[in-house]
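**Q** For reference, the file work.cif (mmCIF, C-alpha atoms) is included below:
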data_model
loop_
_atom_site.group_PDB
_atom_site.id
_atom_site.type_symbol
_atom_site.label_atom_id
_atom_site.label_comp_id
_atom_site.auth_asym_id
_atom_site.auth_seq_id
_atom_site.Cartn_x
_atom_site.Cartn_y
_atom_site.Cartn_z
ATOM 1 C CA MET A 1 47.683 -86.188 -16.161
ATOM 2 C CA THR A 2 50.813 -84.184 -16.956
ATOM 3 C CA MET A 3 53.670 -83.481 -14.565
ATOM 4 C CA ALA A 4 52.657 -79.815 -14.388
ATOM 5 C CA GLN A 5 49.146 -80.764 -13.287
ATOM 6 C CA VAL A 6 50.489 -83.112 -10.620
ATOM 7 C CA CYS A 7 52.841 -80.396 -9.324
ATOM 8 C CA GLY A 8 49.958 -77.906 -9.316
ATOM 9 C CA PHE A 9 47.744 -80.343 -7.405
ATOM 10 C CA VAL A 10 50.466 -81.057 -4.803
ATOM 11 C CA LEU A 11 51.202 -77.344 -4.400
ATOM 12 C CA CYS A 12 47.511 -76.596 -3.989
ATOM 13 C CA LEU A 13 47.160 -79.343 -1.382
ATOM 14 C CA PHE A 14 50.250 -78.143 0.501
ATOM 15 C CA ILE A 15 49.063 -74.524 0.637
ATOM 16 C CA GLY A 16 45.561 -75.599 1.647
ATOM 17 C CA LEU A 17 46.885 -77.779 4.476
ATOM 18 C CA LEU A 18 49.259 -75.015 5.562
ATOM 19 C CA GLY A 19 46.371 -72.524 5.715
ATOM 20 C CA LEU A 20 44.183 -74.970 7.653
ATOM 21 C CA THR A 21 47.013 -75.690 10.101
ATOM 22 C CA ILE A 22 47.593 -71.990 10.722
ATOM 23 C CA LEU A 23 43.879 -71.389 11.296
ATOM 24 C CA TYR A 24 43.685 -74.413 13.632
ATOM 25 C CA LEU A 25 46.707 -73.240 15.660
ATOM 26 C CA ILE A 26 45.251 -69.727 15.950
ATOM 27 C CA TRP A 27 41.865 -71.119 16.998
ATOM 28 C CA THR A 28 43.396 -73.361 19.686
ATOM 29 C CA GLY A 29 45.560 -70.504 20.972
ATOM 30 C CA ARG A 30 48.918 -72.083 20.115
ATOM 31 C CA ILE A 31 49.503 -69.121 17.819
ATOM 32 C CA ASN A 32 48.766 -66.305 20.210
ATOM 33 C CA LEU A 33 47.051 -63.238 18.721
ATOM 34 C CA SER A 34 46.106 -61.594 22.016
ATOM 35 C CA ASP A 35 48.688 -58.813 21.559
ATOM 36 C CA LEU A 36 48.020 -58.356 17.840
ATOM 37 C CA LEU A 37 46.816 -54.786 18.378
ATOM 38 C CA SER A 38 48.715 -53.984 21.579
ATOM 39 C CA GLU A 39 51.536 -51.507 22.012
ATOM 40 C CA ALA A 40 54.477 -52.047 24.360
ATOM 41 C CA ASN A 41 52.494 -50.733 27.337
ATOM 42 C CA GLY A 42 49.692 -53.264 26.756
ATOM 43 C CA GLU A 43 47.089 -50.812 25.403
ATOM 44 C CA ALA A 44 45.595 -51.265 21.934
ATOM 45 C CA SER A 45 46.880 -49.135 19.061
ATOM 46 C CA MET A 46 44.524 -47.351 16.649
ATOM 47 C CA SER A 47 47.096 -47.376 13.824
ATOM 48 C CA ARG A 48 47.590 -51.155 14.134
ATOM 49 C CA PHE A 49 43.827 -51.617 14.054
ATOM 50 C CA GLN A 50 43.578 -49.438 10.923
ATOM 51 C CA LEU A 51 46.353 -51.358 9.165
ATOM 52 C CA LEU A 52 44.681 -54.681 10.063
ATOM 53 C CA ILE A 53 41.304 -53.532 8.678
ATOM 54 C CA PHE A 54 42.779 -52.199 5.419
ATOM 55 C CA THR A 55 44.919 -55.306 4.924
ATOM 56 C CA PHE A 56 41.877 -57.565 5.256
ATOM 57 C CA VAL A 57 39.710 -55.332 3.040
ATOM 58 C CA ILE A 58 42.265 -55.122 0.214
ATOM 59 C CA ALA A 59 43.272 -58.804 0.434
ATOM 60 C CA ILE A 60 39.677 -60.060 0.428
ATOM 61 C CA SER A 61 38.786 -57.682 -2.424
ATOM 62 C CA PHE A 62 41.755 -58.915 -4.437
ATOM 63 C CA PHE A 63 40.860 -62.597 -4.013
ATOM 64 C CA GLU A 64 37.187 -61.872 -4.780
ATOM 65 C CA ILE A 65 38.208 -60.204 -8.061
ATOM 66 C CA VAL A 66 40.538 -63.120 -8.895
ATOM 67 C CA ALA A 67 37.779 -65.645 -8.113
ATOM 68 C CA SER A 68 35.230 -63.815 -10.276
ATOM 69 C CA SER A 69 37.422 -63.005 -13.290
ATOM 70 C CA MET A 70 39.885 -65.947 -13.116
ATOM 71 C CA LYS A 71 42.786 -63.632 -13.916
ATOM 72 C CA PHE A 72 45.390 -61.697 -11.968
ATOM 73 C CA PRO A 73 44.191 -58.062 -11.796
ATOM 74 C CA ASP A 74 46.372 -54.951 -11.706
ATOM 75 C CA ILE A 75 46.447 -53.189 -8.370
ATOM 76 C CA PRO A 76 45.365 -49.552 -8.842
ATOM 77 C CA ASN A 77 47.571 -46.716 -7.596
ATOM 78 C CA GLY A 78 44.836 -45.512 -5.250
ATOM 79 C CA VAL A 79 44.870 -48.830 -3.380
ATOM 80 C CA LEU A 80 48.653 -48.731 -3.053
ATOM 81 C CA THR A 81 48.448 -45.140 -1.819
ATOM 82 C CA LEU A 82 45.826 -46.094 0.778
ATOM 83 C CA LEU A 83 47.960 -48.957 2.080
ATOM 84 C CA GLY A 84 50.962 -46.604 2.072
ATOM 85 C CA ILE A 85 49.089 -44.017 4.139
ATOM 86 C CA SER A 86 47.998 -46.689 6.612
ATOM 87 C CA ALA A 87 51.458 -48.253 6.952
ATOM 88 C CA SER A 88 53.094 -44.825 7.263
ATOM 89 C CA THR A 89 50.659 -43.862 10.024
ATOM 90 C CA TYR A 90 51.552 -47.066 11.852
ATOM 91 C CA ALA A 91 55.296 -46.478 11.442
ATOM 92 C CA VAL A 92 55.101 -42.806 12.464
ATOM 93 C CA GLY A 93 52.920 -43.690 15.468
ATOM 94 C CA LYS A 94 55.388 -46.348 16.552
ATOM 95 C CA GLY A 95 58.283 -43.894 16.136
ATOM 96 C CA ILE A 96 56.505 -41.251 18.232
ATOM 97 C CA SER A 97 55.640 -43.762 20.976
ATOM 98 C CA TYR A 98 59.143 -45.190 21.236
ATOM 99 C CA SER A 99 60.793 -41.752 21.127
ATOM 100 C CA GLN A 100 59.440 -41.187 24.670
ATOM 101 C CA PRO A 101 59.491 -44.620 26.352
ATOM 102 C CA ASP A 102 58.997 -43.175 29.864
ATOM 103 C CA VAL A 103 55.664 -41.611 28.883
ATOM 104 C CA MET A 104 54.663 -44.686 26.885
ATOM 105 C CA MET A 105 55.275 -47.154 29.704
ATOM 106 C CA GLY A 106 53.914 -44.754 32.323
ATOM 107 C CA ALA A 107 50.612 -44.514 30.488
ATOM 108 C CA GLY A 108 50.019 -48.251 30.707
ATOM 109 C CA GLY A 109 51.483 -48.654 34.174
ATOM 110 C CA GLY A 110 48.451 -47.291 35.968
ATOM 111 C CA THR A 111 44.739 -47.833 35.597
ATOM 112 C CA SER A 112 41.887 -45.393 35.180
ATOM 113 C CA ASP A 113 39.264 -47.992 36.102
ATOM 114 C CA PRO A 114 38.072 -47.299 39.695
ATOM 115 C CA SER A 115 36.834 -50.876 40.273
ATOM 116 C CA ALA A 116 40.186 -52.323 39.107
ATOM 117 C CA ALA A 117 42.049 -49.879 41.349
ATOM 118 C CA GLN A 118 39.797 -50.845 44.316
ATOM 119 C CA ALA A 119 40.368 -54.560 43.641
ATOM 120 C CA ALA A 120 44.133 -53.970 43.534
ATOM 121 C CA ALA A 121 43.968 -52.004 46.803
ATOM 122 C CA ASP A 122 41.923 -54.783 48.490
ATOM 123 C CA ASP A 123 44.406 -57.354 47.243
ATOM 124 C CA ALA A 124 47.307 -55.325 48.611
ATOM 125 C CA LYS A 125 45.507 -54.970 51.971
ATOM 126 C CA ALA A 126 44.916 -58.748 52.158
ATOM 127 C CA HIS A 127 48.609 -59.361 51.474
ATOM 128 C CA SER A 128 49.536 -56.761 54.096
ATOM 129 C CA ASP A 129 47.267 -58.419 56.717
ATOM 130 C CA GLU A 130 48.739 -61.817 55.902
ATOM 131 C CA ALA A 131 52.274 -60.461 56.237
ATOM 132 C CA LYS A 132 51.335 -58.844 59.575
ATOM 133 C CA ALA A 133 49.942 -62.166 60.858
ATOM 134 C CA HIS A 134 53.167 -63.913 59.858
ATOM 135 C CA ALA A 135 55.194 -61.198 61.608
ATOM 136 C CA ASP A 136 53.114 -61.589 64.802
ATOM 137 C CA ASP A 137 53.557 -65.345 64.608
ATOM 138 C CA ALA A 138 57.317 -64.955 64.215
ATOM 139 C CA LYS A 139 57.366 -62.504 67.136
ATOM 140 C CA ALA A 140 55.504 -65.006 69.369
ATOM 141 C CA HIS A 141 57.964 -67.748 68.407
ATOM 142 C CA ALA A 142 60.885 -65.434 69.190
ATOM 143 C CA ALA A 143 59.411 -64.587 72.616
ATOM 144 C CA SER A 144 58.848 -68.268 73.349
ATOM 145 C CA ALA A 145 62.428 -69.068 72.326
ATOM 146 C CA GLN A 146 63.706 -66.226 74.513
ATOM 147 C CA GLN A 147 61.755 -67.583 77.511
ATOM 148 C CA SER A 148 63.173 -71.057 76.946
ATOM 149 C CA ALA A 149 66.661 -69.598 76.720
ATOM 150 C CA ASP A 150 66.121 -67.635 79.940
ATOM 151 C CA ARG A 151 64.975 -70.795 81.763
ATOM 152 C CA VAL A 152 68.007 -72.769 80.550
ATOM 153 C CA LYS A 153 70.523 -70.008 81.413
ATOM 154 C CA PRO A 154 69.971 -69.966 85.283
ATOM 155 C CA ALA A 155 70.047 -73.772 85.347
ATOM 156 C CA ASN A 156 73.480 -73.758 83.657
ATOM 157 C CA SER A 157 74.941 -70.959 85.791
ATOM 158 C CA MET B 158 43.833 -72.074 -5.487
ATOM 159 C CA HIS B 159 41.906 -68.791 -5.264
ATOM 160 C CA PHE B 160 39.132 -70.510 -3.294
ATOM 161 C CA GLU B 161 41.779 -71.717 -0.843
ATOM 162 C CA GLY B 162 43.018 -68.128 -0.543
ATOM 163 C CA LEU B 163 39.504 -66.802 -0.016
ATOM 164 C CA GLY B 164 38.709 -69.553 2.501
ATOM 165 C CA PHE B 165 41.883 -68.807 4.439
ATOM 166 C CA LEU B 166 41.246 -65.046 4.438
ATOM 167 C CA TYR B 167 37.596 -65.371 5.463
ATOM 168 C CA GLY B 168 38.569 -67.938 8.132
ATOM 169 C CA LEU B 169 41.318 -65.690 9.487
ATOM 170 C CA ALA B 170 39.018 -62.647 9.428
ATOM 171 C CA ALA B 171 36.312 -64.621 11.249
ATOM 172 C CA ILE B 172 38.738 -65.843 13.933
ATOM 173 C CA VAL B 173 40.184 -62.341 14.445
ATOM 174 C CA ALA B 174 36.667 -60.855 14.616
ATOM 175 C CA TYR B 175 35.597 -63.561 17.100
ATOM 176 C CA GLN B 176 38.671 -62.975 19.284
ATOM 177 C CA VAL B 177 38.137 -59.206 19.187
ATOM 178 C CA LEU B 178 34.468 -59.591 20.166
ATOM 179 C CA THR B 179 35.225 -62.054 22.999
ATOM 180 C CA GLY B 180 38.071 -59.899 24.317
ATOM 181 C CA GLN B 181 40.817 -62.422 23.545
ATOM 182 C CA ILE B 182 42.467 -59.774 21.353
ATOM 183 C CA ASN B 183 43.010 -56.754 23.526
ATOM 184 C CA LEU B 184 41.217 -53.585 22.395
ATOM 185 C CA GLN B 185 41.494 -51.822 25.745
ATOM 186 C CA GLY B 186 42.486 -48.173 25.397
ATOM 187 C CA ILE B 187 42.126 -48.031 21.612
ATOM 188 C CA ILE B 188 40.363 -44.655 21.753
ATOM 189 C CA ARG B 189 42.171 -43.370 24.866
ATOM 190 C CA ARG B 190 45.143 -41.018 24.867
ATOM 191 C CA LYS B 191 48.462 -42.686 25.649
ATOM 192 C CA ASP B 192 49.846 -39.764 27.659
ATOM 193 C CA GLY B 193 48.635 -41.208 30.976
ATOM 194 C CA SER B 194 45.592 -38.899 31.251
ATOM 195 C CA GLY B 195 43.177 -41.701 30.288
ATOM 196 C CA GLN B 196 41.003 -39.200 28.353
ATOM 197 C CA THR B 197 39.000 -40.216 25.283
ATOM 198 C CA SER B 198 40.808 -39.020 22.188
ATOM 199 C CA PRO B 199 38.714 -37.311 19.432
ATOM 200 C CA GLU B 200 41.471 -37.801 16.839
ATOM 201 C CA ARG B 201 41.388 -41.581 17.410
ATOM 202 C CA ILE B 202 37.597 -41.625 17.069
ATOM 203 C CA GLN B 203 37.719 -39.683 13.779
ATOM 204 C CA LEU B 204 40.408 -42.036 12.446
ATOM 205 C CA LEU B 205 38.308 -45.053 13.453
ATOM 206 C CA LEU B 206 35.232 -43.622 11.713
ATOM 207 C CA ALA B 207 37.221 -42.677 8.585
ATOM 208 C CA THR B 208 38.736 -46.186 8.457
ATOM 209 C CA ILE B 209 35.338 -47.873 8.755
ATOM 210 C CA ALA B 210 33.801 -45.521 6.155
ATOM 211 C CA ALA B 211 36.635 -45.973 3.631
ATOM 212 C CA SER B 212 36.601 -49.767 4.090
ATOM 213 C CA ALA B 213 32.833 -49.988 3.655
ATOM 214 C CA ARG B 214 33.002 -47.732 0.581
ATOM 215 C CA TYR B 215 35.719 -49.836 -1.051
ATOM 216 C CA LEU B 216 33.981 -53.158 -0.310
ATOM 217 C CA THR B 217 30.809 -51.730 -1.884
ATOM 218 C CA GLN B 218 32.789 -50.742 -5.001
ATOM 219 C CA VAL B 219 34.295 -54.255 -5.185
ATOM 220 C CA ALA B 220 30.847 -55.858 -4.846
ATOM 221 C CA GLN B 221 29.547 -53.667 -7.704
ATOM 222 C CA SER B 222 32.587 -54.250 -9.932
ATOM 223 C CA GLN B 223 31.651 -56.195 -13.059
ATOM 224 C CA ASN B 224 34.696 -55.903 -15.328
ATOM 225 C CA GLY B 225 37.112 -58.089 -13.342
ATOM 226 C CA THR B 226 39.436 -55.259 -12.316
ATOM 227 C CA MET B 227 40.104 -53.901 -8.875
ATOM 228 C CA PRO B 228 38.266 -50.575 -8.494
ATOM 229 C CA ASP B 229 40.460 -47.527 -7.925
ATOM 230 C CA ILE B 230 40.004 -45.369 -4.856
ATOM 231 C CA ASP B 231 38.704 -41.861 -5.450
ATOM 232 C CA ALA B 232 41.264 -39.109 -4.743
ATOM 233 C CA ASN B 233 38.873 -37.458 -2.267
ATOM 234 C CA TRP B 234 38.874 -40.604 -0.115
ATOM 235 C CA LEU B 235 42.672 -40.640 -0.196
ATOM 236 C CA TYR B 236 42.729 -36.978 0.919
ATOM 237 C CA LEU B 237 40.302 -37.888 3.700
ATOM 238 C CA MET B 238 42.446 -40.787 4.915
ATOM 239 C CA GLY B 239 45.678 -38.803 4.578
ATOM 240 C CA GLY B 240 44.215 -35.869 6.499
ATOM 241 C CA SER B 241 42.685 -38.078 9.146
ATOM 242 C CA SER B 242 45.907 -40.025 9.676
ATOM 243 C CA SER B 243 47.935 -36.803 9.797
ATOM 244 C CA ILE B 244 45.636 -35.338 12.462
ATOM 245 C CA TYR B 245 45.999 -38.546 14.479
ATOM 246 C CA ALA B 246 49.808 -38.606 14.190
ATOM 247 C CA LEU B 247 50.204 -34.884 14.975
ATOM 248 C CA HIS B 248 47.933 -35.102 18.031
ATOM 249 C CA LYS B 249 49.759 -38.204 19.215
ATOM 250 C CA ALA B 250 53.129 -36.452 18.864
ATOM 251 C CA TRP B 251 51.828 -33.317 20.611
ATOM 252 C CA ASN B 252 50.308 -35.250 23.541
ATOM 253 C CA ILE B 253 53.323 -37.497 24.057
ATOM 254 C CA PHE B 254 55.866 -34.672 23.924
ATOM 255 C CA LYS B 255 53.700 -32.557 26.263
ATOM 256 C CA ALA B 256 53.500 -35.473 28.722
ATOM 257 C CA ALA B 257 57.273 -35.980 28.424
ATOM 258 C CA GLN B 258 57.865 -32.321 29.273
ATOM 259 C CA GLN B 259 55.602 -32.605 32.339
ATOM 260 C CA LEU B 260 57.400 -35.800 33.373
ATOM 261 C CA GLY B 261 60.760 -34.052 32.941
ATOM 262 C CA GLY B 262 59.518 -31.074 34.991
ATOM 263 C CA LYS B 263 58.468 -33.304 37.916
ATOM 264 C CA SER B 264 61.752 -35.232 38.126
#
Show me, as structure tokens, the structure contained in the file I just sent.

**A**
Amino acid sequence: MTMAQVCGFVLCLFIGLLGLTILYLIWTGRINLSDLLSEANGEASMSRFQLLIFTFVIAISFFEIVASSMKFPDIPNGVLTLLGISASTYAVGKGISYSQPDVMMGAGGGTSDPSAAQAAADDAKAHSDEAKAHADDAKAHAASAQQSADRVKPANS
Amino acid sequence: MHFEGLGFLYGLAAIVAYQVLTGQINLQGIIRRKDGSGQTSPERIQLLLATIAASARYLTQVAQSQNGTMPDIDANWLYLMGGSSSIYALHKAWNIFKAAQQLGGKS
């Protein structure tokens, strides 16, 4: 076995282990992909989704061609143009969104889901009731302390 | 080496697809307008459909390719994707700037 073959084998092993590690970390959630398609306001972006789809399609196609022909194929201009269109759409969309950050953040700040809004309102009401109970409790303690103070004051005077 | 690459890509695609389907990757609001109205956006739907159609078309061409070269994309499909993306970007710009004007008018 020549030195070149050994180097090739080690390189192949390293890249394989690296790929497996990345997949394992993504699967276990230590590499977090939950916001892969999200914009700054938390809502998913169509242009990100499009770029993700095209990237996978072109990359998988490329490796399939390499695996079948055992040679490095040329990438046609049409494919480069398609990826350019997709990446430009993503960049333009991002530019438009961030040119008006107030609108962007305002859009994700609320919710259009009635059940989510009702749940949030119920939650707020529960917190309000709890705070009211604490306030009443504090008021009762204050009254009790005032009574004790009143009883002590005549005894001292 | 190329089988490693294919394995990694298919594995990554499978994990991303699984996380999208189980909701771990957020897809909420992907076809809604981002101007705060919460309305469904036709330009996003047409871009989604064009993306799926172009991807399916290209994968079919790759599957049928026999000569070991990457198939080129027909100019008509590029016009379709360019037009579709332009409609999406123009509508997005129009909706966001309109919402910004309304926001400016209220304050």

**Q** Using the chain letters and numbers from the file, which residues does the PyMOL selection byres ((chain A) within 7 of (chain B)) grab, as a VMD selection string?

**A** chain A and resid 12 16 19 23 27 33 to 38 43 to 46 50 54 57 60 to 63 65 to 69 73 to 76 78 to 79 82 85 89 92 to 93 96 100 103 to 104 106 to 107 112

**Q** What is the atom CA of Ala40 of chain A-atom CA of Ser86 of chain A distance in Å, reported with one decimal?

**A**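 About the pair atom CA of Ala40 of chain A and atom CA of Ser86 of chain A: they are 19.6 Å apart.
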
**Q** Could you jot down the atom CA of Gly8 of chain A to atom CA of Phe72 of chain A separation for me, Å, one decimal place?

**A** 17.0 Å

**Q** Distance atom CA of Ala171 of chain B-atom CA of Leu20 of chain A, one decimal place?

**A** 13.5 Å

**Q** For Tyr90 of chain A, please output as a list in words all residues within 8 Å (counting all atoms listed in the file; exclusion window: fewer than 6 positions along the same chain).

**A**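 Near neighbours after the sequence-gap exclusion: Ser47, Arg48 and Leu51 of chain A.
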
**Q** With 3 Å of padding per side, what axis-aligned box (centre and edge lengths, Å, one decimal) covers all the listed atoms of segment 172-189 of chain B? Give it as lines of an AutoDock Vina configuration file.

**A**
center_x = 38.7
center_y = -54.6
center_z = 19.8
size_x = 14.5
size_y = 28.5
size_z = 17.8
